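Next comes target-v2.cif, a file with mmCIF, C-alpha atoms.
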```
data_input
#
loop_
_atom_site.group_PDB
_atom_site.id
_atom_site.type_symbol
_atom_site.label_atom_id
_atom_site.label_comp_id
_atom_site.auth_asym_id
_atom_site.auth_seq_id
_atom_site.Cartn_x
_atom_site.Cartn_y
_atom_site.Cartn_z
ATOM 1 C CA MET A 1 -18.309 4.069 8.261
ATOM 2 C CA ILE A 2 -14.683 5.188 8.332
ATOM 3 C CA ILE A 3 -12.108 4.273 5.689
ATOM 4 C CA ASP A 4 -8.561 5.256 4.812
ATOM 5 C CA LEU A 5 -7.612 5.943 1.197
ATOM 6 C CA ASN A 6 -3.998 5.135 0.369
ATOM 7 C CA ALA A 7 -1.838 5.293 -2.752
ATOM 8 C CA ASP A 8 1.712 4.320 -3.733
ATOM 9 C CA LEU A 9 3.780 7.478 -4.169
ATOM 10 C CA GLY A 10 7.355 8.624 -4.675
ATOM 11 C CA GLU A 11 7.949 5.986 -7.333
ATOM 12 C CA GLY A 12 10.056 8.101 -9.653
ATOM 13 C CA PHE A 13 13.800 7.596 -9.958
ATOM 14 C CA GLY A 14 16.344 10.158 -11.093
ATOM 15 C CA ILE A 15 15.007 12.030 -14.114
ATOM 16 C CA TRP A 16 12.260 9.423 -14.584
ATOM 17 C CA ARG A 17 8.872 10.417 -13.167
ATOM 18 C CA LEU A 18 5.921 8.141 -12.494
ATOM 19 C CA GLY A 19 2.513 9.544 -11.671
ATOM 20 C CA ASP A 20 1.466 12.898 -10.226
ATOM 21 C CA ASP A 21 2.378 12.639 -6.553
ATOM 22 C CA GLU A 22 1.272 16.126 -5.560
ATOM 23 C CA ALA A 23 -2.152 15.747 -7.166
ATOM 24 C CA LEU A 24 -2.661 12.370 -5.483
ATOM 25 C CA LEU A 25 -1.624 13.831 -2.136
ATOM 26 C CA ASP A 26 -4.554 16.236 -2.462
ATOM 27 C CA VAL A 27 -6.877 13.211 -2.586
ATOM 28 C CA VAL A 28 -5.575 10.425 -0.338
ATOM 29 C CA THR A 29 -5.301 10.220 3.440
ATOM 30 C CA SER A 30 -2.214 7.957 3.549
ATOM 31 C CA ALA A 31 0.850 7.830 1.297
ATOM 32 C CA ASN A 32 2.886 4.667 0.757
ATOM 33 C CA VAL A 33 6.292 6.179 0.002
ATOM 34 C CA ALA A 34 8.718 4.059 -2.019
ATOM 35 C CA CYS A 35 11.923 3.472 -0.058
ATOM 36 C CA GLY A 36 14.441 3.246 -2.908
ATOM 37 C CA PHE A 37 14.507 -0.529 -3.405
ATOM 38 C CA HIS A 38 11.783 -0.872 -6.060
ATOM 39 C CA ALA A 39 11.547 2.840 -6.889
ATOM 40 C CA GLY A 40 12.363 6.214 -5.400
ATOM 41 C CA ASP A 41 15.633 7.993 -4.666
ATOM 42 C CA PRO A 42 16.684 10.350 -1.856
ATOM 43 C CA LEU A 43 15.446 13.516 -3.588
ATOM 44 C CA THR A 44 12.140 11.932 -4.578
ATOM 45 C CA ILE A 45 11.630 10.606 -1.057
ATOM 46 C CA ARG A 46 12.402 14.024 0.422
ATOM 47 C CA ARG A 47 10.017 15.842 -1.905
ATOM 48 C CA THR A 48 7.240 13.315 -1.399
ATOM 49 C CA CYS A 49 7.539 13.402 2.378
ATOM 50 C CA ALA A 50 7.604 17.201 2.419
ATOM 51 C CA ALA A 51 4.511 17.396 0.222
ATOM 52 C CA ALA A 52 2.691 14.850 2.390
ATOM 53 C CA VAL A 53 3.519 16.778 5.569
ATOM 54 C CA ASP A 54 2.306 20.022 3.986
ATOM 55 C CA ARG A 55 -1.062 18.399 3.264
ATOM 56 C CA GLY A 56 -1.443 16.513 6.518
ATOM 57 C CA VAL A 57 -1.242 13.131 4.757
ATOM 58 C CA ILE A 58 0.055 10.208 6.825
ATOM 59 C CA ILE A 59 3.358 8.706 5.600
ATOM 60 C CA GLY A 60 3.982 4.977 5.305
ATOM 61 C CA ALA A 61 7.189 3.200 4.292
ATOM 62 C CA GLN A 62 6.551 1.004 1.261
ATOM 63 C CA VAL A 63 9.249 -1.644 1.578
ATOM 64 C CA SER A 64 10.110 -4.137 -1.147
ATOM 65 C CA TYR A 65 12.623 -6.547 -2.541
ATOM 66 C CA ARG A 66 15.809 -4.935 -3.889
ATOM 67 C CA ASP A 67 14.506 -4.884 -7.466
ATOM 68 C CA LEU A 68 14.707 -1.548 -9.268
ATOM 69 C CA ALA A 69 14.749 -3.164 -12.702
ATOM 70 C CA GLY A 70 11.601 -5.159 -12.029
ATOM 71 C CA PHE A 71 9.815 -2.457 -10.018
ATOM 72 C CA GLY A 72 9.687 -4.853 -7.088
ATOM 73 C CA ARG A 73 7.274 -7.151 -8.861
ATOM 74 C CA ARG A 74 9.646 -10.086 -9.315
ATOM 75 C CA GLU A 75 9.592 -12.663 -6.560
ATOM 76 C CA MET A 76 13.021 -13.248 -5.039
ATOM 77 C CA GLU A 77 14.620 -15.770 -2.738
ATOM 78 C CA VAL A 78 16.195 -13.759 0.069
ATOM 79 C CA GLU A 79 17.520 -15.266 3.272
ATOM 80 C CA PRO A 80 15.367 -14.237 6.262
ATOM 81 C CA GLU A 81 18.165 -12.403 8.081
ATOM 82 C CA GLU A 82 19.034 -10.436 4.947
ATOM 83 C CA LEU A 83 15.389 -9.640 4.197
ATOM 84 C CA CYS A 84 14.888 -8.443 7.765
ATOM 85 C CA ALA A 85 17.917 -6.159 7.471
ATOM 86 C CA GLU A 86 16.794 -4.773 4.111
ATOM 87 C CA VAL A 87 13.295 -3.983 5.376
ATOM 88 C CA LEU A 88 14.744 -2.374 8.502
ATOM 89 C CA TYR A 89 17.076 -0.275 6.335
ATOM 90 C CA GLN A 90 14.187 0.961 4.176
ATOM 91 C CA VAL A 91 11.933 1.906 7.086
ATOM 92 C CA ALA A 92 14.739 3.735 8.861
ATOM 93 C CA ALA A 93 15.728 5.643 5.717
ATOM 94 C CA VAL A 94 12.267 6.980 4.927
ATOM 95 C CA ASP A 95 11.486 7.700 8.571
ATOM 96 C CA GLY A 96 14.682 9.731 8.865
ATOM 97 C CA VAL A 97 13.776 11.826 5.833
ATOM 98 C CA ALA A 98 10.153 12.173 6.952
ATOM 99 C CA ARG A 99 11.240 13.432 10.382
ATOM 100 C CA ALA A 100 13.554 15.979 8.782
ATOM 101 C CA MET A 101 10.521 17.255 6.858
ATOM 102 C CA GLY A 102 8.417 17.560 10.020
ATOM 103 C CA GLY A 103 6.602 14.223 9.827
ATOM 104 C CA ARG A 104 7.368 10.563 10.480
ATOM 105 C CA VAL A 105 6.662 7.091 9.174
ATOM 106 C CA SER A 106 3.384 5.973 10.752
ATOM 107 C CA TYR A 107 3.007 2.509 9.199
ATOM 108 C CA VAL A 108 4.707 -0.013 6.925
ATOM 109 C CA LYS A 109 3.294 -1.527 3.744
ATOM 110 C CA PRO A 110 5.177 -4.117 1.666
ATOM 111 C CA HIS A 111 5.126 -3.641 -2.097
ATOM 112 C CA GLY A 112 4.602 -5.880 -5.091
ATOM 113 C CA ALA A 113 6.074 -9.360 -4.964
ATOM 114 C CA LEU A 114 7.033 -9.025 -1.301
ATOM 115 C CA TYR A 115 3.456 -8.038 -0.437
ATOM 116 C CA ASN A 116 2.112 -11.153 -2.135
ATOM 117 C CA ARG A 117 4.844 -13.433 -0.798
ATOM 118 C CA ILE A 118 4.311 -12.685 2.878
ATOM 119 C CA CYS A 119 0.627 -13.510 2.498
ATOM 120 C CA ARG A 120 1.516 -17.191 2.075
ATOM 121 C CA ASP A 121 5.162 -17.609 3.171
ATOM 122 C CA PRO A 122 5.525 -17.642 6.982
ATOM 123 C CA GLU A 123 9.329 -17.457 6.846
ATOM 124 C CA GLN A 124 9.455 -14.279 4.809
ATOM 125 C CA ALA A 125 6.492 -12.859 6.727
ATOM 126 C CA GLU A 126 8.410 -13.426 9.963
ATOM 127 C CA ALA A 127 11.411 -11.555 8.521
ATOM 128 C CA VAL A 128 9.291 -8.523 7.640
ATOM 129 C CA VAL A 129 7.535 -8.562 11.006
ATOM 130 C CA ALA A 130 10.890 -8.835 12.798
ATOM 131 C CA ALA A 131 12.208 -5.789 10.942
ATOM 132 C CA VAL A 132 9.204 -3.673 11.905
ATOM 133 C CA ALA A 133 9.424 -4.877 15.503
ATOM 134 C CA ASP A 134 13.137 -4.077 15.624
ATOM 135 C CA TYR A 135 12.504 -0.532 14.461
ATOM 136 C CA ASP A 136 9.261 0.379 16.242
ATOM 137 C CA ARG A 137 6.678 -2.026 17.622
ATOM 138 C CA GLY A 138 4.116 0.750 17.459
ATOM 139 C CA LEU A 139 4.103 0.845 13.657
ATOM 140 C CA PRO A 140 1.057 -0.853 12.093
ATOM 141 C CA LEU A 141 1.655 -3.251 9.205
ATOM 142 C CA LEU A 142 -0.726 -2.789 6.269
ATOM 143 C CA GLY A 143 -1.761 -5.849 4.253
ATOM 144 C CA PRO A 144 -4.635 -8.047 3.051
ATOM 145 C CA ALA A 145 -6.932 -9.606 5.638
ATOM 146 C CA GLY A 146 -6.600 -13.314 6.319
ATOM 147 C CA SER A 147 -2.972 -13.580 5.219
ATOM 148 C CA ALA A 148 -0.090 -15.254 7.037
ATOM 149 C CA VAL A 149 1.531 -11.967 7.996
ATOM 150 C CA HIS A 150 -1.453 -10.908 10.130
ATOM 151 C CA GLU A 151 -1.225 -13.995 12.318
ATOM 152 C CA ILE A 152 2.542 -13.720 12.683
ATOM 153 C CA ALA A 153 2.387 -10.005 13.476
ATOM 154 C CA ALA A 154 -0.294 -10.588 16.120
ATOM 155 C CA ARG A 155 1.887 -13.243 17.731
ATOM 156 C CA GLU A 156 4.705 -10.698 17.972
ATOM 157 C CA GLY A 157 2.454 -7.984 19.370
ATOM 158 C CA LEU A 158 2.312 -5.832 16.229
ATOM 159 C CA VAL A 159 -0.833 -4.126 15.017
ATOM 160 C CA THR A 160 -2.009 -5.008 11.518
ATOM 161 C CA VAL A 161 -4.456 -3.129 9.310
ATOM 162 C CA ALA A 162 -6.406 -4.863 6.555
ATOM 163 C CA GLU A 163 -6.685 -3.274 3.135
ATOM 164 C CA CYS A 164 -8.372 -3.929 -0.187
ATOM 165 C CA PHE A 165 -7.816 -2.633 -3.726
ATOM 166 C CA ALA A 166 -10.339 -0.574 -5.650
ATOM 167 C CA ASP A 167 -8.505 -0.830 -8.980
ATOM 168 C CA ARG A 168 -7.491 -4.506 -8.949
ATOM 169 C CA ALA A 169 -9.495 -7.569 -9.981
ATOM 170 C CA TYR A 170 -10.123 -10.334 -7.449
ATOM 171 C CA THR A 171 -10.348 -14.086 -7.846
ATOM 172 C CA ALA A 172 -13.146 -16.139 -6.300
ATOM 173 C CA ALA A 173 -10.666 -17.109 -3.561
ATOM 174 C CA GLY A 174 -10.302 -13.461 -2.555
ATOM 175 C CA THR A 175 -6.784 -13.024 -3.936
ATOM 176 C CA LEU A 176 -5.661 -10.487 -6.523
ATOM 177 C CA VAL A 177 -5.654 -11.521 -10.173
ATOM 178 C CA HIS A 178 -2.061 -11.788 -11.405
ATOM 179 C CA ARG A 179 -0.856 -8.642 -13.169
ATOM 180 C CA ARG A 180 0.145 -10.659 -16.226
ATOM 181 C CA LEU A 181 -3.527 -11.171 -17.029
ATOM 182 C CA PRO A 182 -5.312 -8.442 -19.018
ATOM 183 C CA GLU A 183 -8.195 -8.087 -16.558
ATOM 184 C CA ALA A 184 -5.954 -7.612 -13.511
ATOM 185 C CA VAL A 185 -6.037 -3.796 -13.394
ATOM 186 C CA LEU A 186 -9.276 -1.788 -13.633
ATOM 187 C CA ARG A 187 -9.124 1.608 -15.319
ATOM 188 C CA ASP A 188 -12.702 2.914 -15.538
ATOM 189 C CA PRO A 189 -13.241 5.593 -12.838
ATOM 190 C CA HIS A 190 -16.959 4.828 -12.435
ATOM 191 C CA GLU A 191 -16.339 1.098 -12.030
ATOM 192 C CA VAL A 192 -13.457 1.612 -9.621
ATOM 193 C CA ALA A 193 -15.446 4.102 -7.520
ATOM 194 C CA ALA A 194 -18.463 1.785 -7.375
ATOM 195 C CA ARG A 195 -16.264 -1.105 -6.239
ATOM 196 C CA ALA A 196 -14.686 1.043 -3.532
ATOM 197 C CA VAL A 197 -18.092 2.075 -2.209
ATOM 198 C CA ARG A 198 -19.269 -1.534 -2.127
ATOM 199 C CA MET A 199 -16.086 -2.613 -0.353
ATOM 200 C CA ALA A 200 -16.507 0.092 2.280
ATOM 201 C CA THR A 201 -20.251 -0.277 2.846
ATOM 202 C CA ALA A 202 -21.238 -3.854 1.948
ATOM 203 C CA ARG A 203 -17.821 -5.404 2.618
ATOM 204 C CA THR A 204 -17.934 -7.385 -0.620
ATOM 205 C CA VAL A 205 -16.374 -7.291 -4.093
ATOM 206 C CA THR A 206 -17.393 -8.958 -7.331
ATOM 207 C CA ALA A 207 -14.755 -11.479 -8.436
ATOM 208 C CA VAL A 208 -13.810 -12.120 -12.066
ATOM 209 C CA ASP A 209 -16.151 -15.131 -12.181
ATOM 210 C CA GLY A 210 -19.093 -13.022 -11.010
ATOM 211 C CA SER A 211 -19.183 -14.378 -7.464
ATOM 212 C CA GLN A 212 -19.334 -12.136 -4.415
ATOM 213 C CA VAL A 213 -16.272 -12.240 -2.186
ATOM 214 C CA ALA A 214 -16.195 -10.891 1.361
ATOM 215 C CA VAL A 215 -13.603 -8.212 2.071
ATOM 216 C CA GLU A 216 -12.658 -6.767 5.438
ATOM 217 C CA ALA A 217 -10.636 -3.591 5.212
ATOM 218 C CA ARG A 218 -9.909 -0.371 7.062
ATOM 219 C CA SER A 219 -7.989 1.039 4.089
ATOM 220 C CA ILE A 220 -8.598 1.117 0.341
ATOM 221 C CA CYS A 221 -5.679 1.376 -2.093
ATOM 222 C CA VAL A 222 -5.608 3.088 -5.462
ATOM 223 C CA HIS A 223 -2.339 2.560 -7.329
ATOM 224 C CA GLY A 224 -0.397 5.669 -8.246
ATOM 225 C CA ASP A 225 1.357 4.136 -11.268
ATOM 226 C CA THR A 226 -1.745 3.425 -13.359
ATOM 227 C CA PRO A 227 -2.805 5.739 -16.202
ATOM 228 C CA ASP A 228 -5.235 8.409 -14.961
ATOM 229 C CA ALA A 229 -4.459 7.460 -11.356
ATOM 230 C CA VAL A 230 -5.496 10.894 -10.142
ATOM 231 C CA SER A 231 -8.890 10.648 -11.858
ATOM 232 C CA LEU A 232 -9.405 7.192 -10.380
ATOM 233 C CA ALA A 233 -8.480 8.357 -6.885
ATOM 234 C CA ARG A 234 -10.747 11.399 -7.117
ATOM 235 C CA ALA A 235 -13.641 9.257 -8.321
ATOM 236 C CA VAL A 236 -13.103 6.874 -5.407
ATOM 237 C CA ARG A 237 -12.896 9.700 -2.888
ATOM 238 C CA ASP A 238 -16.007 11.426 -4.252
ATOM 239 C CA GLY A 239 -17.938 8.158 -4.371
ATOM 240 C CA LEU A 240 -17.080 7.249 -0.788
ATOM 241 C CA ILE A 241 -18.011 10.671 0.552
ATOM 242 C CA ALA A 242 -21.301 10.615 -1.397
ATOM 243 C CA ALA A 243 -22.060 7.227 0.177
ATOM 244 C CA GLY A 244 -21.620 8.670 3.659
ATOM 245 C CA VAL A 245 -18.186 7.180 4.299
ATOM 246 C CA THR A 246 -15.789 9.262 6.402
ATOM 247 C CA LEU A 247 -12.249 9.375 5.014
ATOM 248 C CA LYS A 248 -9.718 9.176 7.825
ATOM 249 C CA ALA A 249 -6.216 7.732 8.084
ATOM 250 C CA PHE A 250 -5.884 4.643 10.273
ATOM 251 C CA ALA A 251 -2.534 5.666 11.782
#
```

What's the structure tokens form of this structure?
Amino acid sequence: MIIDLNADLGEGFGIWRLGDDEALLDVVTSANVACGFHAGDPLTIRRTCAAAVDRGVIIGAQVSYRDLAGFGRREMEVEPEELCAEVLYQVAAVDGVARAMGGRVSYVKPHGALYNRICRDPEQAEAVVAAVADYDRGLPLLGPAGSAVHEIAAREGLVTVAECFADRAYTAAGTLVHRRLPEAVLRDPHEVAARAVRMATARTVTAVDGSQVAVEARSICVHGDTPDAVSLARAVRDGLIAAGVTLKAFA
């Protein structure tokens, strides 16, 4: 059993800091680095990439809608050509900084509302896939299994990697519970770790209605912007290792 552990990092902006990036980089195997559209700025991106390279953590570009005020969690109507250009811009920016720090972008992961939108909207999914293909067809695209973007990416010859979320609640349909609902985000380290182990070993997760939902994932995400994110990530890492799971980046 081999699994990747990823987290969203570099989500500060200016003097505002969110989460403990360096502590999380000591735990995870892949880092989804904010590209400046939902969070992050040039200095934050540079520092995050440098810290990831120092620790041997794989760097991914976490692309999003242009939505700093809403942290990328507000769905937007963006014309496909414009969305493609904006995703391309974000990947190129972070990859340039990562290469200057001795690393490179090794995958792309959409963030927030864009992540959810391309699961069901073929037009926007095609725009994101086109941007990745334009930049580097060798870059894997990270997202939930069974979504529209996987089929579209496969058609265009791009590799996709399925992921699941240890600290998010699932519906019986296998989708994430909307963040507006109080039960959407899980905060107990023991519960989150147990869910991660079950996802990695049994390939199932307990939905909010108590049903068992199948999950297929090569990577498990723990959000970096939740309170006690470092404790959650450490609990997940320790639980997976104790269960005999090998932690290894997919890229």

Please enumerate the residues selected by the PyMOL selection byres ((chain A and resi 120) around 8) when evaluated against the supplied file, formatted as a compact mmCIF listing (two decimals) with C-alpha atoms, in the frame of the given file.
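part_36.txt written:
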```
# COMPACT_ATOMS: atom_id res chain seq x y z
CA ASN A 116 2.11 -11.15 -2.13
CA ARG A 117 4.84 -13.43 -0.80
CA ILE A 118 4.31 -12.68 2.88
CA CYS A 119 0.63 -13.51 2.50
CA ASP A 121 5.16 -17.61 3.17
CA PRO A 122 5.52 -17.64 6.98
CA SER A 147 -2.97 -13.58 5.22
CA ALA A 148 -0.09 -15.25 7.04
CA VAL A 149 1.53 -11.97 8.00
```

task = Go through the shown structure with the PyMOL selection byres ((chain A and resi 184-201) around 10) and write out the matching residues as an MDAnalysis selection string.
result = chainID A and resid 1:5 164:171 176:183 202:206 208 213:223 226:245

message = I'd like the interatomic distance between atom CA of A:Ala130 and atom CA of A:Leu142, to a tenth of an Å.
response =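 These two atoms are separated by 14.6 Å.
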
What does the PyMOL selection byres ((chain A and resi 83) around 9) select in this file, as a compact mmCIF listing (two decimals) with C-alpha atoms, in the coordinates of the input?
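Full text of part.txt as output:
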```txt
# COMPACT_ATOMS: atom_id res chain seq x y z
CA TYR A 65 12.62 -6.55 -2.54
CA VAL A 78 16.20 -13.76 0.07
CA GLU A 79 17.52 -15.27 3.27
CA PRO A 80 15.37 -14.24 6.26
CA GLU A 81 18.16 -12.40 8.08
CA GLU A 82 19.03 -10.44 4.95
CA CYS A 84 14.89 -8.44 7.76
CA ALA A 85 17.92 -6.16 7.47
CA GLU A 86 16.79 -4.77 4.11
CA VAL A 87 13.30 -3.98 5.38
CA LEU A 88 14.74 -2.37 8.50
CA GLN A 124 9.46 -14.28 4.81
CA ALA A 127 11.41 -11.56 8.52
CA VAL A 128 9.29 -8.52 7.64
CA ALA A 131 12.21 -5.79 10.94
```

query = So which one's closest to A:Ala31, A:Arg74, A:Arg104, A:Arg137, A:Arg99? Using all atoms listed in the file, please.
reply = A:Arg104

task = Using all atoms listed in the file, find the one residue out of A:Asp95, A:Asp225, A:Glu123, A:Asp8 that sits nearest to A:Tyr135.
result = A:Asp95

ask   = Distance atom CA of A:Asp21-atom CA of A:Ala7, one decimal place?
value =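 Calculated distance between atom CA of A:Asp21 and atom CA of A:Ala7 is 9.3 Å.
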